[in-house]
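To be precise, the following lines are data.txt, and they hold compact mmCIF, C-alpha atoms.
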```txt
# COMPACT_ATOMS: atom_id res chain seq x y z
CA MET A 908 -18.58 -25.30 33.44
CA LEU A 909 -17.32 -24.64 36.95
CA VAL A 910 -20.47 -22.73 37.97
CA ASP A 911 -24.17 -23.07 37.21
CA PHE A 912 -25.81 -20.87 34.61
CA GLU A 913 -28.10 -19.64 37.37
CA ILE A 914 -25.14 -18.13 39.27
CA ILE A 915 -23.98 -16.34 36.12
CA LYS A 916 -27.48 -14.94 35.61
CA ARG A 917 -27.61 -13.76 39.22
CA ALA A 918 -24.21 -12.09 38.85
CA GLN A 919 -25.47 -10.41 35.68
CA ALA A 920 -28.36 -9.04 37.71
CA GLY A 921 -25.83 -7.41 40.07
CA ASN A 922 -25.63 -10.01 42.84
CA ALA A 923 -22.20 -9.55 44.49
CA ALA A 924 -22.28 -12.98 46.18
CA ALA A 925 -22.86 -14.69 42.83
CA PHE A 926 -19.98 -12.73 41.31
CA ASN A 927 -17.78 -13.82 44.23
CA GLU A 928 -18.70 -17.44 43.52
CA ILE A 929 -17.67 -17.06 39.89
CA VAL A 930 -14.32 -15.51 40.85
CA LEU A 931 -13.65 -18.23 43.42
CA ALA A 932 -14.45 -20.94 40.89
CA TYR A 933 -12.38 -19.57 38.04
CA ARG A 934 -9.54 -17.61 39.63
CA LYS A 935 -7.05 -20.50 39.96
CA ARG A 936 -7.50 -21.62 36.37
CA THR A 937 -7.44 -18.06 35.08
CA LEU A 938 -4.29 -17.23 37.02
CA GLY A 939 -2.67 -20.41 35.68
CA THR A 940 -3.45 -19.38 32.11
CA ILE A 941 -2.14 -15.87 32.75
CA ALA A 942 1.03 -17.25 34.36
CA ARG A 943 1.77 -19.26 31.23
CA LEU A 944 0.87 -16.39 28.92
CA ILE A 945 2.93 -13.65 30.54
CA SER A 946 5.72 -15.62 32.30
CA ARG A 947 6.11 -13.10 35.13
CA PRO A 948 4.81 -14.63 38.37
CA GLU A 949 4.88 -11.37 40.32
CA ASP A 950 2.39 -9.75 37.92
CA VAL A 951 0.01 -12.69 37.54
CA GLU A 952 -2.40 -11.61 40.30
CA ASP A 953 -2.45 -8.06 39.05
CA VAL A 954 -3.43 -9.17 35.53
CA GLY A 955 -5.89 -11.67 37.04
CA GLN A 956 -7.61 -8.91 38.98
CA GLU A 957 -7.79 -6.85 35.80
CA VAL A 958 -9.54 -9.79 34.08
CA PHE A 959 -12.17 -10.10 36.83
CA LEU A 960 -12.55 -6.32 36.97
CA ARG A 961 -13.35 -6.31 33.26
CA LEU A 962 -15.66 -9.26 33.85
CA TYR A 963 -17.56 -7.36 36.55
CA PHE A 964 -18.14 -4.31 34.38
CA SER A 965 -19.01 -6.19 31.20
CA LEU A 966 -21.03 -9.08 32.57
CA ASP A 967 -24.27 -7.44 31.45
CA GLN A 968 -23.05 -7.64 27.84
CA LEU A 969 -22.94 -11.44 27.95
CA ARG A 970 -25.96 -12.60 25.97
CA THR A 971 -26.11 -16.24 27.06
CA ALA A 972 -24.53 -17.96 30.04
CA GLU A 973 -23.52 -20.88 27.75
CA VAL A 974 -20.72 -18.85 26.18
CA PHE A 975 -19.36 -17.69 29.52
CA GLU A 976 -16.14 -19.73 29.48
CA PRO A 977 -14.92 -18.74 25.99
CA TRP A 978 -15.85 -15.21 26.90
CA LEU A 979 -13.77 -15.33 30.10
CA TYR A 980 -10.89 -16.74 28.05
CA ARG A 981 -11.30 -13.85 25.67
CA LEU A 982 -11.08 -11.36 28.54
CA THR A 983 -8.00 -13.20 29.84
CA VAL A 984 -6.34 -13.14 26.44
CA ASN A 985 -7.06 -9.44 25.99
CA ALA A 986 -5.71 -8.54 29.44
CA ALA A 987 -2.58 -10.64 28.87
CA TYR A 988 -2.13 -9.08 25.45
CA ASP A 989 -2.39 -5.56 26.92
CA TYR A 990 0.10 -6.52 29.64
CA LEU A 991 2.59 -8.01 27.16
CA ARG A 992 2.44 -4.94 24.94
CA LYS A 993 3.11 -2.66 27.92
CA GLN A 994 5.83 -5.03 29.07
CA ARG A 995 7.50 -5.01 25.68
CA ARG A 996 7.61 -1.21 25.76
CA ARG A 997 9.06 -1.33 29.27
CA MET A 998 11.56 -4.02 28.28
CA GLU A 999 12.79 -1.87 25.41
CA SER A 1000 13.79 0.77 27.91
CA ARG A 1001 15.18 -1.72 30.47
CA MET A 1002 16.81 -4.60 28.66
CA SER A 1003 18.46 -6.07 31.75
CA ASP A 1004 15.15 -6.47 33.53
CA LEU A 1005 14.74 -9.75 35.43
CA SER A 1006 11.59 -10.93 37.16
CA GLU A 1007 11.67 -11.29 40.94
CA GLN A 1008 11.33 -15.04 40.66
CA GLN A 1009 14.21 -15.23 38.20
CA VAL A 1010 16.39 -13.26 40.62
CA MET A 1011 15.32 -15.47 43.54
CA LEU A 1012 15.96 -18.61 41.53
CA ALA A 1013 19.34 -17.36 40.43
CA ASP A 1014 20.25 -16.61 44.06
CA ALA A 1015 18.98 -19.97 45.21
CA MET A 1016 20.83 -21.81 42.47
CA ALA A 1017 24.01 -19.99 43.34
CA GLY A 1018 23.60 -21.21 46.90
CA GLY A 1019 22.95 -24.74 45.71
CA ARG A 1020 19.56 -24.87 47.40
CA VAL A 1021 17.49 -25.77 44.38
CA ASP A 1022 17.14 -29.43 43.60
CA HIS A 1023 17.47 -31.01 40.20
CA ASP A 1024 13.75 -31.10 39.49
CA ILE A 1025 13.26 -27.36 40.04
CA ARG A 1026 16.34 -26.62 37.95
CA GLN A 1027 15.00 -28.72 35.11
CA ARG A 1028 11.60 -27.02 35.28
CA LYS A 1029 13.32 -23.68 35.21
CA GLN A 1030 15.32 -24.67 32.15
CA ILE A 1031 12.22 -25.79 30.27
CA SER A 1032 10.32 -22.70 31.32
CA GLU A 1033 13.18 -20.43 30.25
CA ALA A 1034 13.62 -22.24 26.94
CA VAL A 1035 9.92 -21.89 26.05
CA ASP A 1036 9.80 -18.30 27.30
CA ALA A 1037 12.83 -17.42 25.19
CA MET A 1038 11.29 -19.13 22.18
CA LEU A 1039 7.95 -17.38 22.58
CA SER A 1040 9.44 -14.00 23.39
CA ALA A 1041 11.03 -13.97 19.94
CA VAL A 1042 7.62 -13.79 18.24
CA SER A 1043 4.74 -11.31 18.49
CA GLU A 1044 2.35 -11.19 21.46
CA ALA A 1045 -0.47 -12.44 19.24
CA ASP A 1046 1.54 -15.52 18.14
CA ARG A 1047 2.65 -16.18 21.69
CA ILE A 1048 -0.90 -16.09 23.05
CA LEU A 1049 -2.35 -18.21 20.25
CA LEU A 1050 0.34 -20.88 20.58
CA THR A 1051 0.10 -20.92 24.37
CA LEU A 1052 -3.67 -21.36 24.28
CA LYS A 1053 -3.45 -24.15 21.72
CA GLU A 1054 -0.29 -26.00 22.70
CA VAL A 1055 0.09 -25.32 26.40
CA GLU A 1056 -3.48 -24.77 27.60
CA GLY A 1057 -4.65 -27.50 25.26
CA LEU A 1058 -7.68 -25.68 23.90
CA SER A 1059 -9.34 -27.24 20.88
CA LEU A 1060 -9.83 -25.44 17.58
CA LYS A 1061 -13.57 -25.24 18.33
CA GLU A 1062 -12.84 -23.47 21.62
CA LEU A 1063 -10.36 -21.15 19.92
CA GLU A 1064 -12.99 -20.38 17.28
CA LYS A 1065 -15.29 -19.06 19.99
CA ILE A 1066 -12.53 -17.05 21.66
CA TYR A 1067 -11.12 -15.48 18.51
CA ARG A 1068 -14.42 -15.39 16.61
CA VAL A 1069 -12.78 -16.58 13.40
CA LYS A 1070 -13.28 -19.69 11.27
CA GLU A 1071 -11.37 -22.90 11.97
CA ASN A 1072 -9.45 -22.73 8.68
CA ALA A 1073 -8.26 -19.21 9.40
CA LEU A 1074 -7.13 -20.36 12.84
CA LYS A 1075 -5.23 -23.29 11.34
CA VAL A 1076 -3.40 -20.92 9.01
CA ARG A 1077 -2.57 -18.56 11.87
CA LEU A 1078 -1.35 -21.43 14.02
CA PHE A 1079 0.78 -22.81 11.21
CA ARG A 1080 2.35 -19.41 10.58
CA ALA A 1081 2.91 -18.82 14.29
CA ARG A 1082 4.68 -22.18 14.59
CA GLN A 1083 6.78 -21.36 11.54
CA ARG A 1084 7.81 -18.04 13.09
CA VAL A 1085 8.67 -19.73 16.38
CA LEU A 1086 10.78 -22.33 14.58
CA LYS A 1087 12.50 -19.61 12.59
CA ALA A 1088 13.25 -17.63 15.75
CA PHE A 1089 14.35 -20.84 17.47
CA GLY A 1090 16.72 -21.60 14.58
CA GLU A 1091 18.09 -18.07 14.47
CA ALA A 1092 18.79 -18.24 18.20
CA GLY A 1093 21.22 -21.06 17.42
CA HIS A 1094 19.55 -24.04 19.05
CA GLU A 1095 20.56 -27.55 18.15
CA PRO A 1096 19.39 -28.66 14.71
CA SER A 1097 18.02 -31.99 15.98
CA ALA A 1098 15.40 -30.31 18.16
CA LYS A 1099 14.57 -27.96 15.35
CA GLY A 1100 14.29 -30.81 12.90
CA ALA A 1101 12.13 -32.81 15.25
CA ALA A 1102 9.85 -29.85 15.81
CA LYS A 1103 9.57 -29.26 12.07
CA ALA A 1104 8.76 -32.90 11.49
CA GLU A 1105 5.88 -32.64 13.95
CA ILE A 1106 4.34 -29.79 11.97
CA MET B 365 7.97 -28.71 19.84
CA ASP B 366 4.80 -30.40 21.11
CA ALA B 367 6.79 -32.26 23.74
CA LEU B 368 8.47 -29.05 24.79
CA PHE B 369 5.11 -27.32 25.17
CA ARG B 370 3.78 -30.24 27.22
CA ALA B 371 6.84 -30.08 29.46
CA TYR B 372 6.29 -26.35 29.79
CA ARG B 373 2.68 -26.99 30.87
CA ASP B 374 3.94 -29.33 33.60
CA ALA B 375 6.71 -26.94 34.60
CA CYS B 376 4.22 -24.09 35.12
CA PRO B 377 1.35 -25.38 37.25
CA ASP B 378 -1.56 -23.13 38.26
CA PRO B 379 -0.20 -20.74 40.91
CA ASP B 380 -1.60 -20.47 44.41
CA VAL B 381 -3.90 -17.53 44.99
CA SER B 382 -2.95 -15.11 47.74
CA ALA B 383 -5.39 -14.33 50.55
CA ASN B 384 -5.39 -10.72 49.45
CA PHE B 385 -6.82 -11.49 46.01
CA MET B 386 -10.52 -10.96 46.72
CA PRO B 387 -10.21 -7.86 48.99
CA GLU B 388 -7.91 -6.25 46.44
CA LEU B 389 -10.29 -7.11 43.60
CA TRP B 390 -13.26 -5.55 45.42
CA ARG B 391 -11.19 -2.48 46.27
CA ARG B 392 -10.43 -2.02 42.57
CA ILE B 393 -14.07 -2.59 41.62
CA GLU B 394 -15.26 0.03 44.12
CA GLU B 395 -12.59 2.47 42.99
CA ARG B 396 -13.68 2.06 39.36
CA GLN B 397 -17.34 2.43 40.35
CA ARG B 398 -16.56 5.68 42.17
CA SER B 399 -14.69 7.14 39.23
CA VAL B 400 -17.49 6.07 36.85
CA PHE B 401 -20.05 7.66 39.20
CA PHE B 402 -18.14 10.97 39.39
CA MET B 403 -17.58 11.03 35.66
CA GLY B 404 -21.31 10.47 35.17
CA ARG B 405 -22.13 13.34 37.50
CA TRP B 406 -19.68 15.63 35.72
CA ALA B 407 -21.11 14.66 32.35
CA ARG B 408 -24.68 15.34 33.54
CA ALA B 409 -23.66 18.70 35.03
CA LEU B 410 -21.93 19.63 31.79
CA VAL B 411 -24.97 18.71 29.69
CA THR B 412 -27.28 20.70 31.99
CA ALA B 413 -24.99 23.75 31.85
CA ALA B 414 -24.83 23.54 28.05
CA ALA B 415 -28.63 23.29 27.81
CA VAL B 416 -29.13 26.30 30.12
CA LEU B 417 -26.61 28.32 28.14
CA SER B 418 -28.30 27.42 24.86
CA LEU B 419 -31.70 28.45 26.20
CA GLY B 420 -30.27 31.72 27.52
CA MET B 421 -28.69 32.54 24.18
CA ALA B 422 -31.88 31.65 22.32
CA ALA B 423 -33.91 33.91 24.62
CA TYR B 424 -31.39 36.73 24.19
CA LEU B 425 -31.63 36.54 20.41
CA TYR B 426 -35.40 36.17 20.39
CA ILE B 427 -36.28 39.14 22.61
CA PRO B 428 -36.17 42.41 20.60
CA HIS B 429 -33.75 45.01 21.86
CA GLY B 430 -33.95 48.82 21.89
CA ARG B 431 -31.00 49.42 19.63
CA THR B 432 -31.23 49.18 15.89
CA SER B 433 -30.55 45.82 14.50
CA VAL B 434 -27.76 45.41 11.98
CA PHE B 435 -30.33 43.82 9.73
CA SER B 436 -32.85 46.20 8.20
CA VAL B 437 -36.51 45.47 8.64
CA GLU B 438 -37.55 48.19 6.18
CA SER B 439 -38.76 47.39 2.72
CA TYR B 440 -36.53 48.25 -0.22
CA VAL B 441 -38.67 51.22 -1.27
CA GLU B 442 -38.69 52.62 2.27
CA ALA B 443 -34.92 52.28 2.50
CA LEU B 444 -34.48 53.95 -0.89
CA ALA B 445 -36.77 56.80 0.07
CA ALA B 446 -34.94 57.34 3.33
CA GLY B 447 -31.58 57.28 1.57
CA HIS B 448 -32.56 59.79 -1.11
CA ALA B 449 -34.48 62.15 1.02
CA LEU B 450 -32.15 65.01 0.03
CA ASP B 451 -32.72 64.36 -3.67
CA ALA B 452 -36.20 65.76 -3.37
CA PRO B 453 -36.43 69.23 -4.82
CA ASP B 454 -36.17 71.84 -2.14
CA LEU B 455 -38.91 74.29 -2.22
CA PRO B 456 -37.35 77.69 -2.27
CA GLU B 457 -38.30 79.80 0.60
CA SER B 458 -40.56 82.56 -0.28
CA VAL B 459 -38.59 85.66 -0.81
CA SER B 460 -39.68 88.40 1.31
CA ASP B 461 -40.07 91.58 -0.52
CA GLU B 462 -39.87 93.50 2.55
CA LEU B 463 -36.79 95.50 2.52
```
Take the structure in the file and give it back as structure tokens.
Amino acid sequence: MLVDFEIIKRAQAGNAAAFNEIVLAYRKRTLGTIARLISRPEDVEDVGQEVFLRLYFSLDQLRTAEVFEPWLYRLTVNAAYDYLRKQRRRMESRMSDLSEQQVMLADAMAGGRVDHDIRQRKQISEAVDAMLSAVSEADRILLTLKEVEGLSLKELEKIYRVKENALKVRLFRARQRVLKAFGEAGHEPSAKGAAKAEI
Amino acid sequence: MDALFRAYRDACPDPDVSANFMPELWRRIEERQRSVFFMGRWARALVTAAAVLSLGMAAYLYIPHGRTSVFSVESYVEALAAGHALDAPDLPESVSDEL
């Protein structure tokens, strides 16, 4: 826990300073999770503010301070899910849409100002984004939380409020769908094979 | 795939938070509070208006009016008697023998 239970209880009682403390403690981590879930840096703060807005208005519904973190993750996941659904609708109408950062990076790369490390990061980021964008928002979020955020099955159980076995099945199916999409996109068979072997 | 996800985690570190984050968040909170407050006031005003209207209509129906109601308050026999008043034998007027 990044804050004491006492601070959460004070925030629940309507203390604005306590709420500020919670936001300050969790905002960086929350924004990081959102950044990896939605892959559009220019919208990360907007979604992050939506998460803390929802937190502010639903804090009184939290029964015990012990479950605060999974609950905040749940709010984050829901806000990211809402964003991705809206984004998918928008993307359907504007297929050539590029994020601001992608445009900036493309410009910078054209000018030869980006070093090898940044280029490599960009390639990895684009490869994973492309892989995850081929599956549903629900699969993308579940896989990101498990594989990228590194949450355990126990933590995911609390966030999704489903049994561990059901989660394992969902994860397995999500990975299968990603691999299928990855294969259909025409990536090299060795990477695909290696990924399959890991499952 | 696991290695790729790990590399992705390293390629996307937690972003820096802008200085505008907290002021913007509080602006949005206050905006939402205002809209919730106004919606609450509208809802209360609507409920009060509906209650007043209901009471007014109840009072209007309860208080008897001068005009005849569409529903009869007479008994069946009274209604029958009133309806067949002309069936009663007319008493012939006495004939005057005065010529």
Open item on the list: Select, as number ranges by chain, those residues of chain A with any atom no more than 7 Å from chain B (distances computed using all atoms listed in the file).
Closed with: A: 935-936, 938-939, 943, 956, 960, 1028, 1031-1032, 1035, 1054-1055, 1102
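For the pair CA of Arg391 (chain B) and CA of Arg934 (chain A), the separation is 16.6 Å.
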Open item on the list: Report, in Å to a single decimal, how far apart CA of Leu909 (chain A) and CA of Ala932 (chain A) are.
Closed with: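 For CA of Ala932 (chain A) relative to CA of Leu909 (chain A), the distance reads 6.1 Å.
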TODO: Could you tell me how far CA of Tyr988 (chain A) lies from CA of Ala1045 (chain A), in Å and to one decimal?
DONE: 7.3 Å
Task: Counting all atoms listed in the file, the option among A:Ala1041, A:Leu1049, A:Pro948, A:Gly1090 closest to Val1076 (chain A) - done: A:Leu1049
Task: Minimum-distance residue to Arg1068 (chain A), chosen among A:Ala942, A:Ile914, A:Ala920, A:Val974 (using all atoms listed in the file) - done: A:Val974
